[in-house]
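Below is coords38.csv, which holds CSV, N, CA and C atoms.
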chain,number,residue,atom,x,y,z
A,1,MET,N,86.8,102.9,121.6
A,1,MET,CA,86.6,104.3,121.2
A,1,MET,C,87.1,105.2,122.3
A,2,GLU,N,87.8,106.3,121.9
A,2,GLU,CA,88.3,107.2,122.9
A,2,GLU,C,87.5,108.5,122.8
A,3,LYS,N,87.0,109.0,124.0
A,3,LYS,CA,86.2,110.2,124.0
A,3,LYS,C,86.9,111.3,124.8
A,4,SER,N,86.9,112.5,124.3
A,4,SER,CA,87.5,113.6,125.1
A,4,SER,C,86.7,114.9,124.7
A,5,ASP,N,86.8,115.8,125.6
A,5,ASP,CA,86.2,117.1,125.4
A,5,ASP,C,87.2,118.1,124.8
A,6,GLY,N,86.8,119.0,124.0
A,6,GLY,CA,87.7,120.0,123.4
A,6,GLY,C,87.0,121.3,123.2
A,7,ILE,N,87.7,122.2,122.6
A,7,ILE,CA,87.1,123.5,122.3
A,7,ILE,C,87.5,123.8,120.9
A,8,ASP,N,86.4,124.2,120.1
A,8,ASP,CA,86.7,124.5,118.7
A,8,ASP,C,87.3,125.9,118.6
A,9,ALA,N,87.5,126.3,117.3
A,9,ALA,CA,88.1,127.6,117.0
A,9,ALA,C,87.3,128.8,117.6
A,10,GLN,N,86.0,128.7,117.7
A,10,GLN,CA,85.2,129.7,118.1
A,10,GLN,C,85.0,129.7,119.7
A,11,GLY,N,85.6,128.8,120.3
A,11,GLY,CA,85.5,128.7,121.8
A,11,GLY,C,84.3,127.8,122.3
A,12,HIS,N,83.6,127.1,121.4
A,12,HIS,CA,82.5,126.3,121.8
A,12,HIS,C,83.1,124.9,122.2
A,13,ALA,N,82.4,124.4,123.3
A,13,ALA,CA,82.8,123.0,123.8
A,13,ALA,C,82.3,122.0,122.7
A,14,VAL,N,83.2,121.0,122.4
A,14,VAL,CA,82.9,120.0,121.5
A,14,VAL,C,83.3,118.6,122.1
A,15,LYS,N,82.6,117.6,121.7
A,15,LYS,CA,82.9,116.2,122.1
A,15,LYS,C,83.7,115.6,120.9
A,16,ILE,N,84.8,115.0,121.2
A,16,ILE,CA,85.7,114.4,120.2
A,16,ILE,C,85.6,112.9,120.5
A,17,ILE,N,85.3,112.1,119.4
A,17,ILE,CA,85.2,110.7,119.5
A,17,ILE,C,86.2,110.1,118.5
A,18,ILE,N,87.1,109.3,118.9
A,18,ILE,CA,88.1,108.7,118.0
A,18,ILE,C,88.0,107.2,118.1
A,19,ASP,N,87.8,106.5,117.0
A,19,ASP,CA,87.8,105.1,116.9
A,19,ASP,C,89.2,104.6,116.8
A,20,MET,N,89.8,104.2,117.9
A,20,MET,CA,91.2,103.7,117.9
A,20,MET,C,91.3,102.3,117.3
A,21,GLY,N,90.3,101.5,117.3
A,21,GLY,CA,90.3,100.1,116.8
A,21,GLY,C,90.7,100.1,115.3
A,22,GLU,N,90.0,100.9,114.5
A,22,GLU,CA,90.3,100.9,113.1
A,22,GLU,C,91.7,101.4,112.8
A,23,GLU,N,92.2,102.4,113.5
A,23,GLU,CA,93.5,102.9,113.3
A,23,GLU,C,94.6,101.8,113.6
A,24,LYS,N,94.4,101.1,114.7
A,24,LYS,CA,95.3,100.0,115.1
A,24,LYS,C,95.3,98.9,114.0
A,25,LYS,N,94.1,98.6,113.5
A,25,LYS,CA,94.1,97.5,112.5
A,25,LYS,C,94.8,98.0,111.2
A,26,ALA,N,94.7,99.2,110.9
A,26,ALA,CA,95.4,99.8,109.7
A,26,ALA,C,96.9,99.8,109.9
A,27,ARG,N,97.4,100.0,111.1
A,27,ARG,CA,98.8,100.1,111.4
A,27,ARG,C,99.4,98.7,111.7
A,28,LYS,N,98.6,97.6,111.8
A,28,LYS,CA,99.2,96.3,112.1
A,28,LYS,C,100.3,95.9,111.1
A,29,PHE,N,101.4,95.6,111.6
A,29,PHE,CA,102.6,95.2,110.8
A,29,PHE,C,102.4,93.9,110.2
A,30,LYS,N,102.7,93.7,108.9
A,30,LYS,CA,102.6,92.5,108.2
A,30,LYS,C,104.0,92.1,107.7
A,31,PHE,N,104.7,91.2,108.4
A,31,PHE,CA,106.1,90.8,108.2
A,31,PHE,C,106.3,90.4,106.7
A,32,GLU,N,105.4,89.4,106.3
A,32,GLU,CA,105.6,88.9,104.9
A,32,GLU,C,105.4,90.0,103.9
A,33,GLN,N,104.5,90.9,104.1
A,33,GLN,CA,104.4,92.0,103.1
A,33,GLN,C,105.6,92.9,103.1
A,34,ALA,N,106.2,93.1,104.3
A,34,ALA,CA,107.4,94.0,104.3
A,34,ALA,C,108.5,93.3,103.6
A,35,ILE,N,108.7,92.0,103.8
A,35,ILE,CA,109.8,91.2,103.1
A,35,ILE,C,109.6,91.3,101.6
A,36,SER,N,108.3,91.1,101.2
A,36,SER,CA,108.0,91.2,99.7
A,36,SER,C,108.3,92.6,99.2
A,37,GLU,N,108.0,93.6,99.9
A,37,GLU,CA,108.2,95.0,99.5
A,37,GLU,C,109.7,95.2,99.4
A,38,LEU,N,110.5,94.7,100.4
A,38,LEU,CA,111.9,94.8,100.4
A,38,LEU,C,112.5,94.2,99.1
A,39,GLU,N,112.0,93.0,98.8
A,39,GLU,CA,112.5,92.3,97.6
A,39,GLU,C,112.2,93.1,96.3
A,40,GLN,N,111.1,93.8,96.3
A,40,GLN,CA,110.7,94.6,95.1
A,40,GLN,C,111.6,95.8,95.0
A,41,ILE,N,111.9,96.4,96.2
A,41,ILE,CA,112.8,97.6,96.2
A,41,ILE,C,114.2,97.2,95.7
A,42,VAL,N,114.7,96.1,96.2
A,42,VAL,CA,116.0,95.6,95.8
A,42,VAL,C,116.0,95.4,94.3
A,43,SER,N,115.0,94.8,93.8
A,43,SER,CA,114.9,94.5,92.3
A,43,SER,C,114.9,95.8,91.5
A,44,ARG,N,114.1,96.8,92.0
A,44,ARG,CA,114.1,98.1,91.3
A,44,ARG,C,115.4,98.8,91.3
A,45,MET,N,116.1,98.7,92.5
A,45,MET,CA,117.4,99.4,92.6
A,45,MET,C,118.4,98.7,91.8
A,46,ASP,N,118.4,97.4,91.7
A,46,ASP,CA,119.3,96.6,90.9
A,46,ASP,C,119.1,96.8,89.4
A,47,GLY,N,117.9,97.2,89.1
A,47,GLY,CA,117.5,97.4,87.6
A,47,GLY,C,118.3,98.5,87.0
A,48,GLY,N,118.8,99.4,87.7
A,48,GLY,CA,119.6,100.5,87.2
A,48,GLY,C,118.9,101.6,86.4
A,49,GLU,N,117.5,101.6,86.5
A,49,GLU,CA,116.8,102.6,85.8
A,49,GLU,C,116.2,103.7,86.6
A,50,LEU,N,116.5,103.7,87.9
A,50,LEU,CA,116.1,104.7,88.8
A,50,LEU,C,117.1,105.9,88.8
A,51,GLY,N,116.5,107.1,88.9
A,51,GLY,CA,117.4,108.2,89.1
A,51,GLY,C,117.9,108.3,90.5
A,52,LEU,N,118.8,109.2,90.8
A,52,LEU,CA,119.3,109.4,92.1
A,52,LEU,C,118.3,109.7,93.2
A,53,GLU,N,117.3,110.6,92.9
A,53,GLU,CA,116.3,111.0,93.8
A,53,GLU,C,115.4,109.8,94.2
A,54,ASP,N,115.0,109.0,93.1
A,54,ASP,CA,114.2,107.8,93.3
A,54,ASP,C,114.9,106.7,94.1
A,55,MET,N,116.2,106.6,93.8
A,55,MET,CA,117.1,105.6,94.4
A,55,MET,C,117.1,105.9,95.9
A,56,LEU,N,117.3,107.2,96.3
A,56,LEU,CA,117.3,107.6,97.7
A,56,LEU,C,116.0,107.3,98.4
A,57,LYS,N,114.9,107.6,97.7
A,57,LYS,CA,113.6,107.3,98.3
A,57,LYS,C,113.4,105.8,98.5
A,58,GLU,N,113.8,105.0,97.6
A,58,GLU,CA,113.7,103.6,97.7
A,58,GLU,C,114.6,103.1,98.9
A,59,PHE,N,115.8,103.7,98.9
A,59,PHE,CA,116.7,103.3,100.0
A,59,PHE,C,116.2,103.6,101.4
A,60,GLU,N,115.6,104.8,101.5
A,60,GLU,CA,115.0,105.2,102.8
A,60,GLU,C,113.8,104.3,103.2
A,61,ARG,N,113.0,104.0,102.2
A,61,ARG,CA,111.9,103.0,102.5
A,61,ARG,C,112.4,101.7,102.9
A,62,GLY,N,113.5,101.2,102.2
A,62,GLY,CA,114.1,99.9,102.5
A,62,GLY,C,114.6,99.9,103.9
A,63,ILE,N,115.3,101.0,104.3
A,63,ILE,CA,115.8,101.0,105.7
A,63,ILE,C,114.7,101.0,106.7
A,64,LYS,N,113.6,101.7,106.5
A,64,LYS,CA,112.5,101.7,107.4
A,64,LYS,C,111.9,100.3,107.5
A,65,LEU,N,111.8,99.6,106.4
A,65,LEU,CA,111.2,98.2,106.4
A,65,LEU,C,112.1,97.3,107.1
A,66,VAL,N,113.5,97.4,106.9
A,66,VAL,CA,114.4,96.6,107.6
A,66,VAL,C,114.3,96.8,109.1
A,67,ARG,N,114.2,98.0,109.6
A,67,ARG,CA,114.1,98.3,111.0
A,67,ARG,C,112.8,97.8,111.6
A,68,ASP,N,111.7,97.9,110.8
A,68,ASP,CA,110.5,97.4,111.3
A,68,ASP,C,110.5,95.9,111.4
A,69,CYS,N,111.1,95.2,110.4
A,69,CYS,CA,111.3,93.7,110.4
A,69,CYS,C,112.1,93.3,111.6
A,70,GLN,N,113.2,94.0,111.9
A,70,GLN,CA,114.1,93.7,113.0
A,70,GLN,C,113.3,93.8,114.3
A,71,GLN,N,112.5,94.9,114.5
A,71,GLN,CA,111.8,95.1,115.7
A,71,GLN,C,110.7,94.0,115.8
A,72,PHE,N,110.0,93.6,114.7
A,72,PHE,CA,109.0,92.6,114.8
A,72,PHE,C,109.7,91.2,115.2
A,73,LEU,N,110.8,90.9,114.6
A,73,LEU,CA,111.5,89.6,114.9
A,73,LEU,C,112.0,89.6,116.4
A,74,LYS,N,112.4,90.8,116.9
A,74,LYS,CA,112.9,90.8,118.3
A,74,LYS,C,111.7,90.6,119.2
A,75,GLN,N,110.6,91.2,118.9
A,75,GLN,CA,109.4,91.0,119.7
A,75,GLN,C,108.9,89.5,119.6
A,76,ALA,N,109.0,88.9,118.5
A,76,ALA,CA,108.6,87.5,118.3
A,76,ALA,C,109.5,86.6,119.1
A,77,GLN,N,110.8,86.9,119.1
A,77,GLN,CA,111.8,86.1,119.8
A,77,GLN,C,111.5,86.2,121.3
A,78,THR,N,111.3,87.4,121.8
A,78,THR,CA,110.9,87.6,123.2
A,78,THR,C,109.7,86.9,123.6
A,79,LYS,N,108.7,86.9,122.8
A,79,LYS,CA,107.5,86.2,123.0
A,79,LYS,C,107.7,84.7,123.1
A,80,VAL,N,108.5,84.1,122.2
A,80,VAL,CA,108.8,82.7,122.1
A,80,VAL,C,109.6,82.3,123.4
A,81,GLU,N,110.6,83.1,123.7
A,81,GLU,CA,111.4,82.8,124.9
A,81,GLU,C,110.5,82.8,126.2
A,82,LYS,N,109.5,83.7,126.3
A,82,LYS,CA,108.6,83.8,127.4
A,82,LYS,C,107.7,82.6,127.5
A,83,LEU,N,107.2,82.2,126.3
A,83,LEU,CA,106.4,81.0,126.3
A,83,LEU,C,107.2,79.7,126.7
A,84,ILE,N,108.4,79.6,126.2
A,84,ILE,CA,109.3,78.5,126.6
A,84,ILE,C,109.5,78.5,128.1
A,85,GLU,N,109.8,79.6,128.6
A,85,GLU,CA,110.1,79.8,130.0
A,85,GLU,C,108.9,79.3,130.9
A,86,GLU,N,107.7,79.7,130.4
A,86,GLU,CA,106.4,79.4,131.1
A,86,GLU,C,106.2,77.9,131.0
A,87,GLN,N,106.7,77.2,130.0
A,87,GLN,CA,106.5,75.8,129.9
A,87,GLN,C,107.6,74.9,130.6
A,88,GLY,N,108.3,75.5,131.5
A,88,GLY,CA,109.3,74.7,132.2
A,88,GLY,C,110.7,74.8,131.8
A,89,GLY,N,111.0,75.9,131.1
A,89,GLY,CA,112.3,76.2,130.7
A,89,GLY,C,113.0,75.2,129.7
A,90,LEU,N,112.3,74.9,128.6
A,90,LEU,CA,112.9,74.1,127.6
A,90,LEU,C,114.3,74.7,127.1
A,91,GLU,N,115.2,73.8,126.7
A,91,GLU,CA,116.5,74.3,126.3
A,91,GLU,C,116.4,75.1,125.0
A,92,ILE,N,117.1,76.2,124.9
A,92,ILE,CA,117.1,77.0,123.7
A,92,ILE,C,118.5,76.8,123.1
A,93,LYS,N,118.6,76.3,121.9
A,93,LYS,CA,119.8,76.1,121.2
A,93,LYS,C,120.0,77.1,120.0
A,94,GLU,N,121.2,77.6,119.8
A,94,GLU,CA,121.4,78.5,118.7
A,94,GLU,C,121.4,77.7,117.4
A,95,LEU,N,120.9,78.2,116.4
A,95,LEU,CA,120.9,77.6,115.1
A,95,LEU,C,122.3,77.6,114.5
A,96,ASP,N,122.6,76.5,113.8
A,96,ASP,CA,123.9,76.4,113.1
A,96,ASP,C,124.0,77.5,112.1
A,97,SER,N,125.1,78.3,112.0
A,97,SER,CA,125.2,79.4,111.1
A,97,SER,C,125.4,79.0,109.7
A,98,GLU,N,125.8,77.7,109.5
A,98,GLU,CA,126.0,77.2,108.1
A,98,GLU,C,124.8,76.3,107.7
A,99,PRO,N,124.0,76.7,106.9
A,99,PRO,CA,122.8,75.9,106.5
A,99,PRO,C,123.3,74.6,105.8
A,100,GLY,N,122.6,73.5,106.1
A,100,GLY,CA,123.0,72.2,105.5
A,100,GLY,C,123.9,71.4,106.3
A,101,ARG,N,124.5,71.9,107.3
A,101,ARG,CA,125.5,71.2,108.1
A,101,ARG,C,124.7,70.6,109.3
A,102,GLY,N,124.8,69.3,109.4
A,102,GLY,CA,124.1,68.6,110.6
A,102,GLY,C,125.1,68.5,111.7
A,103,GLU,N,124.5,68.1,112.9
A,103,GLU,CA,125.4,68.0,114.1
A,103,GLU,C,126.3,66.8,113.9
A,104,ASP,N,126.0,65.8,113.1
A,104,ASP,CA,126.8,64.6,112.9
A,104,ASP,C,128.1,64.9,112.1
A,105,GLU,N,128.1,66.0,111.3
A,105,GLU,CA,129.2,66.2,110.4
A,105,GLU,C,130.4,66.8,111.2
A,106,VAL,N,131.6,66.3,110.8
A,106,VAL,CA,132.8,66.8,111.4
A,106,VAL,C,133.6,67.5,110.4
A,107,ASP,N,134.3,68.5,110.8
A,107,ASP,CA,135.2,69.3,109.9
A,107,ASP,C,136.4,68.5,109.4
Can you dump the structure from the file as structure tokens?
Amino acid sequence: MEKSDGIDAQGHAVKIIIDMGEEKKARKFKFEQAISELEQIVSRMDGGELGLEDMLKEFERGIKLVRDCQQFLKQAQTKVEKLIEEQGGLEIKELDSEPGRGEDEVD
């Protein structure tokens, strides 16, 4: 909880108490929920039944979700790299860009 002193509109001293814990819980990002919402947005936009104004609102929301997901993934990657580094510097390999291709396969 955060406490601070303030002055109300009539000039009286007041004590302000803010419970930051509940606010942080409400703002906690849920990656899977964001991905699900993005899928729903794409489905509605592909449906062709939205007007231009609604389409723009959906697009804006989608862009925000994509940015939030990118930030979340970047933070997760940084955390994983830090954990690996702390464990003696395990080798980090880039994933193959073509799914289904193993290391044994030759072009």
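Computed from the coordinates, the CA of Val42 (chain A) to CA of Asp54 (chain A) distance equals 12.6 Å.
Distance-wise, CA of Lys93 (chain A) and CA of Lys74 (chain A) end up 16.5 Å apart.
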Subject >> Polymer residues at most 12 Å from Met45 (chain A), only C-alpha atoms, same-chain spacing of 5 or more positions, as a ChimeraX atom specification >> reply: /A:38-40,50-62
Original post:
CA of Lys64 (chain A) and CA of Phe29 (chain A) are how many Å apart?
Top reply: 12.3 Å
